[in-house]
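Structure file coords19.txt (compact mmCIF, C-alpha atoms) follows.
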```txt
# COMPACT_ATOMS: atom_id res chain seq x y z
CA MET A 252 0.00 0.00 0.00
CA VAL A 253 2.93 2.32 0.65
CA TRP A 254 3.87 2.33 -3.05
CA TRP A 255 0.28 2.65 -4.30
CA GLY A 256 0.58 6.41 -4.71
CA VAL A 257 3.89 6.08 -6.55
CA LYS A 258 2.44 3.55 -8.99
CA GLN A 259 -0.43 5.91 -9.85
CA LEU A 260 2.09 8.42 -11.18
CA ARG A 261 2.67 6.01 -14.11
CA ARG A 262 -0.98 6.13 -15.15
CA PRO A 263 -1.56 9.20 -17.32
CA ARG A 264 -5.34 8.83 -17.41
CA ILE A 265 -5.62 8.87 -13.63
CA LEU A 266 -3.34 11.90 -13.41
CA LEU A 267 -5.24 13.75 -16.14
CA ALA A 268 -8.64 13.06 -14.59
CA ALA A 269 -7.39 14.02 -11.12
CA ALA A 270 -5.78 17.21 -12.46
CA ILE A 271 -9.00 18.26 -14.23
CA TRP A 272 -11.06 17.61 -11.11
CA ALA A 273 -8.60 19.42 -8.84
CA GLY A 274 -8.36 22.30 -11.33
CA MET A 275 -12.14 22.75 -11.23
CA VAL A 276 -12.11 22.73 -7.41
CA PHE A 277 -9.27 25.25 -7.21
CA ALA A 278 -10.84 27.43 -9.87
CA GLY A 279 -14.10 27.41 -7.92
CA TYR A 280 -12.31 28.39 -4.72
CA GLU A 281 -10.44 31.19 -6.49
CA ALA A 282 -13.55 32.54 -8.23
CA ALA A 283 -15.51 32.55 -4.97
CA GLY A 284 -12.61 34.25 -3.19
CA ILE A 285 -12.30 37.00 -5.80
CA VAL A 286 -16.04 37.72 -5.71
CA PHE A 287 -16.01 37.75 -1.90
CA GLY A 288 -13.00 40.09 -1.89
CA PHE A 289 -14.31 42.72 -4.30
CA VAL A 290 -17.90 42.62 -3.01
CA ILE A 291 -17.18 42.48 0.74
CA LEU A 292 -13.57 43.35 1.53
CA SER A 293 -12.88 46.16 -0.97
CA PRO A 294 -15.72 48.39 0.33
CA ILE A 295 -14.57 47.73 3.91
CA GLU A 296 -11.04 48.74 2.95
CA ARG A 297 -12.32 52.01 1.49
CA LEU A 298 -14.27 52.81 4.66
CA PHE A 299 -11.56 51.87 7.17
CA LYS A 300 -8.37 52.21 5.13
CA ARG A 301 -4.99 51.95 6.80
CA HIS A 302 -3.06 53.24 3.78
CA ASP A 303 -4.45 55.41 1.00
CA TYR A 304 -4.37 52.88 -1.83
CA ALA A 305 -6.70 53.02 -4.79
CA VAL A 306 -8.53 49.81 -5.63
CA ALA A 307 -6.85 49.86 -9.07
CA ARG A 308 -3.39 50.14 -7.52
CA PRO A 309 -0.08 49.24 -9.23
CA GLU A 310 0.46 45.48 -9.71
CA LEU A 311 -3.24 44.73 -9.23
CA GLY A 312 -3.19 42.93 -12.58
CA THR A 313 -0.29 40.76 -11.42
CA ASP A 314 -2.15 39.73 -8.28
CA LEU A 315 -5.32 38.99 -10.25
CA LEU A 316 -3.31 36.72 -12.54
CA HIS A 317 -2.00 34.93 -9.46
CA ALA A 318 -5.59 34.44 -8.32
CA ILE A 319 -6.91 33.30 -11.70
CA LEU A 320 -4.01 31.24 -13.04
CA SER A 321 -2.04 29.94 -10.07
CA GLY A 322 -4.99 27.98 -8.64
CA PRO A 323 -5.56 25.75 -11.69
CA LEU A 324 -1.80 25.62 -12.30
CA LEU A 325 -1.23 24.45 -8.75
CA ALA A 326 -3.93 21.81 -9.20
CA VAL A 327 -1.81 20.09 -11.83
CA PHE A 328 1.16 19.85 -9.46
CA VAL A 329 -0.81 19.02 -6.32
CA ILE A 330 -1.81 15.62 -7.72
CA VAL A 331 1.70 14.22 -7.22
CA PRO A 332 2.00 14.87 -3.45
CA PHE A 333 -1.68 13.94 -3.01
CA LEU A 334 -1.11 10.48 -4.48
CA LEU A 335 2.13 10.09 -2.55
CA THR A 336 0.31 11.01 0.64
CA MET A 337 -2.35 8.39 -0.04
CA GLY A 338 0.36 5.83 -0.66
CA LEU A 339 2.50 6.72 2.32
CA PHE A 340 -0.38 6.89 4.78
CA GLY A 341 -2.73 4.38 3.23
CA TRP A 342 -2.02 1.96 6.07
CA VAL A 343 -3.60 4.26 8.68
CA PRO A 344 -7.21 2.99 8.29
CA SER A 345 -6.08 -0.59 8.87
CA THR A 346 -4.76 0.24 12.34
CA GLY A 347 -8.18 1.09 13.76
CA PHE A 348 -7.11 4.67 14.49
CA HIS A 349 -9.09 5.88 11.49
CA GLU A 350 -12.30 4.39 12.86
CA MET A 351 -11.67 6.04 16.22
CA VAL A 352 -11.24 9.42 14.55
CA ARG A 353 -14.30 8.98 12.34
CA SER A 354 -16.47 8.04 15.32
CA GLN A 355 -16.40 11.65 16.58
CA PRO A 356 -19.19 14.15 15.85
CA PRO A 357 -18.79 16.00 12.51
CA LEU A 358 -18.41 19.41 14.18
CA LEU A 359 -15.61 18.14 16.41
CA LEU A 360 -13.90 16.58 13.38
CA GLY A 361 -13.97 19.92 11.59
CA ILE A 362 -12.56 21.82 14.57
CA GLU A 363 -9.78 19.29 15.08
CA ALA A 364 -8.81 19.33 11.40
CA LEU A 365 -8.66 23.14 11.48
CA LEU A 366 -6.48 23.23 14.61
CA ILE A 367 -4.09 20.53 13.39
CA SER A 368 -3.68 22.08 9.94
CA ASP A 369 -3.10 25.50 11.53
CA PHE A 370 -0.39 24.03 13.77
CA PHE A 371 1.46 22.38 10.88
CA GLY A 372 0.85 25.48 8.76
CA TYR A 373 2.75 27.51 11.35
CA TRP A 374 5.82 25.28 11.00
CA GLY A 375 5.57 25.17 7.22
CA HIS A 376 5.39 28.97 7.10
CA ARG A 377 8.29 29.31 9.50
CA ALA A 378 10.39 26.91 7.44
CA ALA A 379 9.67 28.99 4.31
CA HIS A 380 11.34 31.94 6.06
CA GLN A 381 14.25 30.19 7.74
CA ILE A 382 15.30 27.69 5.05
CA PRO A 383 17.01 29.51 2.15
CA LEU A 384 15.40 27.35 -0.54
CA GLY A 385 11.98 27.99 0.95
CA TRP A 386 12.61 31.74 1.07
CA ARG A 387 13.49 31.80 -2.64
CA PHE A 388 9.84 31.00 -3.33
CA HIS A 389 8.14 32.63 -0.35
CA LYS A 390 9.71 36.05 -0.98
CA ILE A 391 7.39 36.37 -4.00
CA HIS A 392 4.52 36.61 -1.54
CA HIS A 393 6.43 39.17 0.53
CA SER A 394 7.32 41.32 -2.48
CA SER A 395 4.03 43.27 -2.25
CA GLN A 396 4.71 46.83 -1.15
CA ARG A 397 1.01 47.62 -0.94
CA LEU A 398 -0.84 45.29 1.37
CA ASP A 399 -4.53 44.64 0.76
CA TRP A 400 -6.76 41.58 0.54
CA ILE A 401 -5.84 40.75 -3.07
CA SER A 402 -2.10 40.84 -2.26
CA GLY A 403 -2.68 37.72 -0.17
CA VAL A 404 -3.12 35.60 -3.31
CA ARG A 405 0.37 36.45 -4.58
CA LEU A 406 1.78 33.01 -3.95
CA HIS A 407 4.21 31.03 -6.07
CA PRO A 408 2.70 27.63 -7.03
CA GLY A 409 5.95 25.91 -6.03
CA GLU A 410 5.64 27.25 -2.50
CA ALA A 411 1.94 26.49 -2.29
CA LEU A 412 2.64 22.92 -3.37
CA VAL A 413 5.11 22.26 -0.55
CA ALA A 414 3.23 24.33 2.05
CA GLY A 415 -0.04 22.54 1.30
CA PHE A 416 1.64 19.16 1.68
CA ILE A 417 3.22 20.12 5.02
CA GLN A 418 -0.05 21.59 6.29
CA PHE A 419 -2.59 18.99 5.20
CA ALA A 420 -0.77 15.67 4.76
CA PRO A 421 -0.53 15.12 8.55
CA VAL A 422 -4.26 15.81 8.86
CA TYR A 423 -5.01 13.12 6.26
CA ALA A 424 -2.55 10.75 7.94
CA LEU A 425 -4.46 11.08 11.22
CA GLY A 426 -7.66 9.87 9.56
CA PHE A 427 -9.44 13.07 8.54
CA GLU A 428 -11.07 13.04 5.12
CA GLY A 429 -11.78 15.37 2.22
CA ILE A 430 -14.70 17.25 3.75
CA GLU A 431 -12.65 18.26 6.80
CA LEU A 432 -9.60 19.14 4.70
CA MET A 433 -11.62 21.29 2.30
CA GLY A 434 -13.37 23.02 5.19
CA ALA A 435 -10.08 23.81 6.94
CA ALA A 436 -8.50 25.04 3.69
CA GLY A 437 -11.52 27.24 2.93
CA ILE A 438 -11.58 28.87 6.39
CA LEU A 439 -7.82 29.46 6.43
CA GLY A 440 -7.93 30.87 2.89
CA LEU A 441 -10.72 33.36 3.59
CA TRP A 442 -9.19 34.40 6.91
CA GLY A 443 -5.85 34.84 5.17
CA ALA A 444 -7.44 37.31 2.74
CA PHE A 445 -8.87 39.26 5.68
CA GLN A 446 -5.46 39.36 7.41
CA HIS A 447 -3.96 41.10 4.39
CA ALA A 448 -6.81 43.63 4.19
CA ASN A 449 -5.90 47.32 4.16
CA VAL A 450 -7.92 48.18 7.26
CA ASP A 451 -6.87 50.35 10.18
CA TRP A 452 -8.13 47.93 12.85
CA ARG A 453 -6.00 46.82 15.77
CA LEU A 454 -8.66 44.62 17.43
CA ARG A 455 -6.62 44.57 20.63
CA PRO A 456 -9.16 42.63 22.74
CA ILE A 457 -8.84 39.58 20.49
CA GLN A 458 -5.38 39.92 18.91
CA ARG A 459 -3.85 37.32 21.25
CA LEU A 460 -6.68 34.89 20.57
CA ILE A 461 -6.96 35.05 16.80
CA THR A 462 -4.80 36.53 14.05
CA THR A 463 -5.75 40.03 12.89
CA PRO A 464 -4.71 42.40 10.09
CA GLU A 465 -2.46 44.21 12.57
CA PHE A 466 -0.76 40.91 13.44
CA HIS A 467 -0.18 39.94 9.81
CA HIS A 468 0.81 43.41 8.60
CA TRP A 469 3.68 43.22 11.09
CA HIS A 470 4.65 39.91 9.49
CA HIS A 471 4.91 41.66 6.10
CA SER A 472 6.68 44.75 7.43
CA ASP A 473 10.17 45.42 6.11
CA GLN A 474 11.23 46.78 9.52
CA VAL A 475 14.07 44.62 10.83
CA GLU A 476 12.50 43.95 14.22
CA SER A 477 9.49 42.30 12.56
CA TRP A 478 11.41 39.88 10.34
CA ASP A 479 10.60 36.19 10.90
CA LYS A 480 7.70 36.93 13.22
CA ASN A 481 3.95 36.15 13.31
CA PHE A 482 3.79 32.95 11.26
CA ALA A 483 0.38 31.71 12.44
CA GLY A 484 -2.49 31.55 9.98
CA LEU A 485 -5.34 31.55 12.50
CA LEU A 486 -4.24 31.14 16.13
CA PRO A 487 -1.38 33.33 17.40
CA ILE A 488 -0.88 30.96 20.32
CA TRP A 489 1.68 29.10 18.18
CA ASP A 490 3.78 32.27 17.90
CA GLN A 491 3.36 32.96 21.62
CA LEU A 492 4.49 29.43 22.52
CA PHE A 493 7.49 29.36 20.18
CA GLY A 494 8.78 32.91 20.66
CA THR A 495 7.82 34.54 17.35
CA TYR A 496 4.94 36.80 18.45
CA HIS A 497 5.46 40.49 17.63
CA VAL A 498 2.67 43.06 17.95
CA PRO A 499 4.04 46.19 19.70
CA ARG A 500 1.54 48.36 21.57
CA ASP A 501 3.22 51.66 20.72
CA ALA A 502 4.05 51.21 17.00
CA ARG A 503 2.43 50.33 13.68
CA PRO A 504 3.95 48.71 10.59
CA ARG A 505 4.82 51.44 8.09
CA THR A 506 6.23 49.88 4.92
CA TYR A 507 6.27 46.43 3.35
CA GLY A 508 8.30 44.38 0.91
CA VAL A 509 11.75 42.83 0.63
CA SER A 510 15.16 44.34 -0.06
CA GLU A 511 15.71 42.30 -3.22
CA PRO A 512 14.16 43.68 -6.42
CA ILE A 513 11.33 41.36 -7.51
CA PRO A 514 9.77 41.50 -11.01
CA ALA A 515 6.39 43.19 -11.13
CA THR A 516 4.95 40.85 -13.78
CA TYR A 517 3.26 37.51 -13.19
CA TRP A 518 5.64 35.57 -15.44
CA GLY A 519 8.64 37.34 -13.92
CA GLN A 520 7.54 36.30 -10.43
CA LEU A 521 6.98 32.69 -11.53
CA THR A 522 10.51 32.41 -12.90
CA HIS A 523 12.34 34.58 -10.35
CA PRO A 524 13.02 31.79 -7.76
CA PHE A 525 14.91 29.85 -10.43
CA ARG A 526 17.26 32.71 -11.28
CA ARG A 527 20.58 33.24 -9.61
CA THR A 528 20.61 36.20 -7.25
CA ARG A 529 23.49 38.50 -8.05
CA ARG A 530 25.24 39.96 -5.05
CA THR A 531 27.65 42.84 -5.32
CA LEU A 532 31.15 42.39 -3.91
CA PRO A 533 32.39 44.78 -1.21
CA PRO A 534 35.06 47.30 -2.32
CA PRO A 535 38.71 46.21 -1.87
CA THR A 536 40.36 47.06 1.42
CA GLY A 537 41.47 50.68 1.38
CA ALA A 538 39.39 51.59 -1.66
CA PRO A 539 37.40 54.82 -1.24
CA LEU A 540 33.68 54.40 -0.80
CA PRO A 541 31.42 55.89 -3.49
CA PRO A 542 29.96 59.30 -2.61
CA PRO A 543 26.45 59.25 -1.14
CA PRO A 544 23.59 60.13 -3.47
CA PRO A 545 22.40 63.75 -3.41
CA GLY A 546 19.69 64.42 -0.87
CA PRO A 547 17.93 67.22 0.93
CA PRO A 548 19.92 69.61 3.11
CA THR A 549 20.82 68.42 6.59
CA GLY A 550 17.88 68.80 8.94
CA SER A 551 15.26 68.92 6.16
CA PRO A 552 12.45 66.48 6.83
CA LEU A 553 11.83 63.88 4.18
CA PRO A 554 8.30 63.49 2.82
CA ALA A 555 6.57 60.28 3.87
CA PRO A 556 7.24 58.31 0.62
CA ALA A 557 10.91 59.24 0.69
CA ARG A 558 11.20 58.17 4.32
CA ALA A 559 9.73 54.80 3.42
CA LEU A 560 12.23 54.32 0.60
CA ALA A 561 15.16 55.53 2.65
CA ALA A 562 14.37 52.99 5.36
CA ARG A 563 14.81 50.05 2.96
CA PRO A 564 18.14 48.51 2.01
CA ALA A 565 19.40 49.84 -1.31
CA PRO A 566 19.11 47.45 -4.29
CA GLY A 567 22.39 45.80 -5.13
CA ARG A 568 23.48 45.31 -1.54
CA PRO A 569 24.03 41.73 -0.36
CA VAL A 570 20.60 40.15 0.05
CA PRO A 571 20.03 37.66 2.88
CA ALA A 572 19.07 34.15 1.84
CA ALA A 573 16.30 34.46 4.39
CA ARG A 574 15.17 37.71 5.95
CA GLY A 575 17.07 38.48 9.10
CA ARG A 576 20.00 36.22 8.19
CA PRO A 577 23.16 38.08 7.15
CA VAL A 578 25.10 36.67 4.23
CA PRO A 579 28.88 36.40 4.83
CA SER A 580 30.95 38.59 2.52
CA PRO A 581 33.04 36.63 -0.01
CA VAL A 582 36.73 36.40 0.78
```
Using structure tokens, write down the structure that the file contains.
Amino acid sequence: MVWWGVKQLRRPRILLAAAIWAGMVFAGYEAAGIVFGFVILSPIERLFKRHDYAVARPELGTDLLHAILSGPLLAVFVIVPFLLTMGLFGWVPSTGFHEMVRSQPPLLLGIEALLISDFFGYWGHRAAHQIPLGWRFHKIHHSSQRLDWISGVRLHPGEALVAGFIQFAPVYALGFEGIELMGAAGILGLWGAFQHANVDWRLRPIQRLITTPEFHHWHHSDQVESWDKNFAGLLPIWDQLFGTYHVPRDARPRTYGVSEPIPATYWGQLTHPFRRTRRTLPPPTGAPLPPPPPGPPTGSPLPAPARALAARPAPGRPVPAARGRPVPSPV
């Protein structure tokens, strides 16, 4: 039974049928999410906006292409780990544990599946930040400099493939089935869109109980103190337990993005993780440093956009493999 999933990879008809079915499911999820976002979340963002973004902001088309194309594209790739999961964990029902899990009330099954997938989602998300190969893909999601609900769908299919496997394969292995997995994925997906929303809500009474836009905007902030923080998708207790919770009382996240230049186009973002990142070498010992760029006179306040740009590392500087990790200078 362990090799059942591997054997299915040799059957093109099964793969094609599964890919078509999964593509329809993903497309349905994406279509419903886009309608929900523009009908419900966009008006809320206009009423309670945190930053003054227009709905038709720069790179909106790129994010819409992520929403429309990446779902069906991911469906083609998700078949492989799905079949492998069935093969690797197909022995679970024969142990009797599956029957014990299935004997619980449906509501309890749904809650358990949601909690377990959120727990493993925390570790998958954390790994995407702290493992250099994972960050190569995950930084596409963090490249948004304007955070709103639609920016949440900017996700490289390669990352989503691995993250989905880490998050939901253990839930299947424990005996939960499709209805619980789809329910957990739907709730986490919709809540993820809300976390990215451009709303000026702190929601302090509940921010330690459930993730909020304030919590997740700190996760996307390019301020150094917020790097590699706030990984939870639904329950911030995972960050509180494992030392990655960061929601200051006396500060707000100001700017977003990564120090490395990321293409603004959909195709450019799909191919960017496979390109070599060029890092500039430091000047030789004793060589004079280049003069600083011209700026305003000393003591002149910078306008808000200029302050935001000045706070970010200049392009061409050494880029960490994962945010918060310095890269040693070449010898």
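Residue nearest Asp303 (chain A), chosen from A:Ser321, A:Asn449, A:Ser394, A:Gln381 and counting all atoms listed in the file: A:Asn449.
Using only C-alpha atoms for every distance, the candidate list A:Arg453, A:Arg297, A:His470, A:His447 yields A:His447 as the residue closest to Gly403 (chain A).
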Discussion item. Taking 4 positions as the minimum chain separation for residues in the same chain, which residues sit within 12 Å of Ala305 (chain A) when counting only C-alpha atoms? Answer as a PyMOL selection string.
Written reply: chain A and resi 293-294+296-297+300-301+309-311+397-399+449
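The closest residue to Leu365 (chain A), picked from A:Trp478, A:Trp400, A:Phe419, A:Phe388 and counting all atoms listed in the file, is A:Phe419.
Coordinates place CA of Trp374 (chain A) at a distance of 12.7 Å from CA of Gly494 (chain A).
If you look at CA of Leu441 (chain A) and CA of Thr463 (chain A), they are 12.5 Å away from each other.
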Item to complete: Enumerate, as a count of residues only, the protein, DNA and RNA residues whose atoms approach (4.0, 41.2, -12.9) to within 10 Å, taking into account only C-alpha atoms and the coordinate frame of the file.
Response: 18
Would you mind completing region 358-372 of chain A to N, CA, C and O atoms and writing the output as a short mmCIF file (atom, residue, chain, number, x, y, z; two decimals), in the coordinates of the input?
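Printed below is out_6.cif as written:
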```cif
data_model
loop_
_atom_site.label_atom_id
_atom_site.label_comp_id
_atom_site.auth_asym_id
_atom_site.auth_seq_id
_atom_site.Cartn_x
_atom_site.Cartn_y
_atom_site.Cartn_z
N LEU A 358 -18.91 18.09 13.79
CA LEU A 358 -18.41 19.41 14.18
C LEU A 358 -17.05 19.31 14.85
O LEU A 358 -16.14 20.11 14.58
N LEU A 359 -16.89 18.32 15.73
CA LEU A 359 -15.61 18.14 16.41
C LEU A 359 -14.51 17.76 15.41
O LEU A 359 -13.37 18.22 15.52
N LEU A 360 -14.86 16.95 14.42
CA LEU A 360 -13.90 16.58 13.38
C LEU A 360 -13.41 17.83 12.64
O LEU A 360 -12.21 17.99 12.37
N GLY A 361 -14.34 18.71 12.31
CA GLY A 361 -13.97 19.92 11.59
C GLY A 361 -13.07 20.82 12.41
O GLY A 361 -12.09 21.38 11.89
N ILE A 362 -13.38 20.98 13.70
CA ILE A 362 -12.56 21.82 14.57
C ILE A 362 -11.16 21.24 14.72
O ILE A 362 -10.15 21.95 14.66
N GLU A 363 -11.09 19.94 14.93
CA GLU A 363 -9.78 19.29 15.08
C GLU A 363 -8.93 19.43 13.82
O GLU A 363 -7.73 19.71 13.89
N ALA A 364 -9.55 19.21 12.67
CA ALA A 364 -8.81 19.33 11.40
C ALA A 364 -8.28 20.75 11.22
O ALA A 364 -7.16 20.96 10.76
N LEU A 365 -9.08 21.74 11.60
CA LEU A 365 -8.66 23.14 11.48
C LEU A 365 -7.48 23.43 12.41
O LEU A 365 -6.49 24.06 12.00
N LEU A 366 -7.55 22.96 13.65
CA LEU A 366 -6.48 23.23 14.61
C LEU A 366 -5.18 22.53 14.21
O LEU A 366 -4.09 23.11 14.28
N ILE A 367 -5.29 21.28 13.76
CA ILE A 367 -4.09 20.53 13.39
C ILE A 367 -3.44 21.14 12.16
O ILE A 367 -2.22 21.30 12.09
N SER A 368 -4.24 21.49 11.16
CA SER A 368 -3.68 22.08 9.94
C SER A 368 -3.08 23.45 10.23
O SER A 368 -2.07 23.83 9.64
N ASP A 369 -3.67 24.20 11.17
CA ASP A 369 -3.10 25.50 11.53
C ASP A 369 -1.76 25.32 12.23
O ASP A 369 -0.82 26.09 12.00
N PHE A 370 -1.65 24.30 13.07
CA PHE A 370 -0.39 24.03 13.77
C PHE A 370 0.71 23.68 12.78
O PHE A 370 1.82 24.25 12.83
N PHE A 371 0.44 22.75 11.85
CA PHE A 371 1.46 22.38 10.88
C PHE A 371 1.70 23.51 9.87
O PHE A 371 2.80 23.65 9.33
N GLY A 372 0.66 24.32 9.62
CA GLY A 372 0.85 25.48 8.76
C GLY A 372 1.82 26.47 9.36
O GLY A 372 2.60 27.11 8.64
#
```
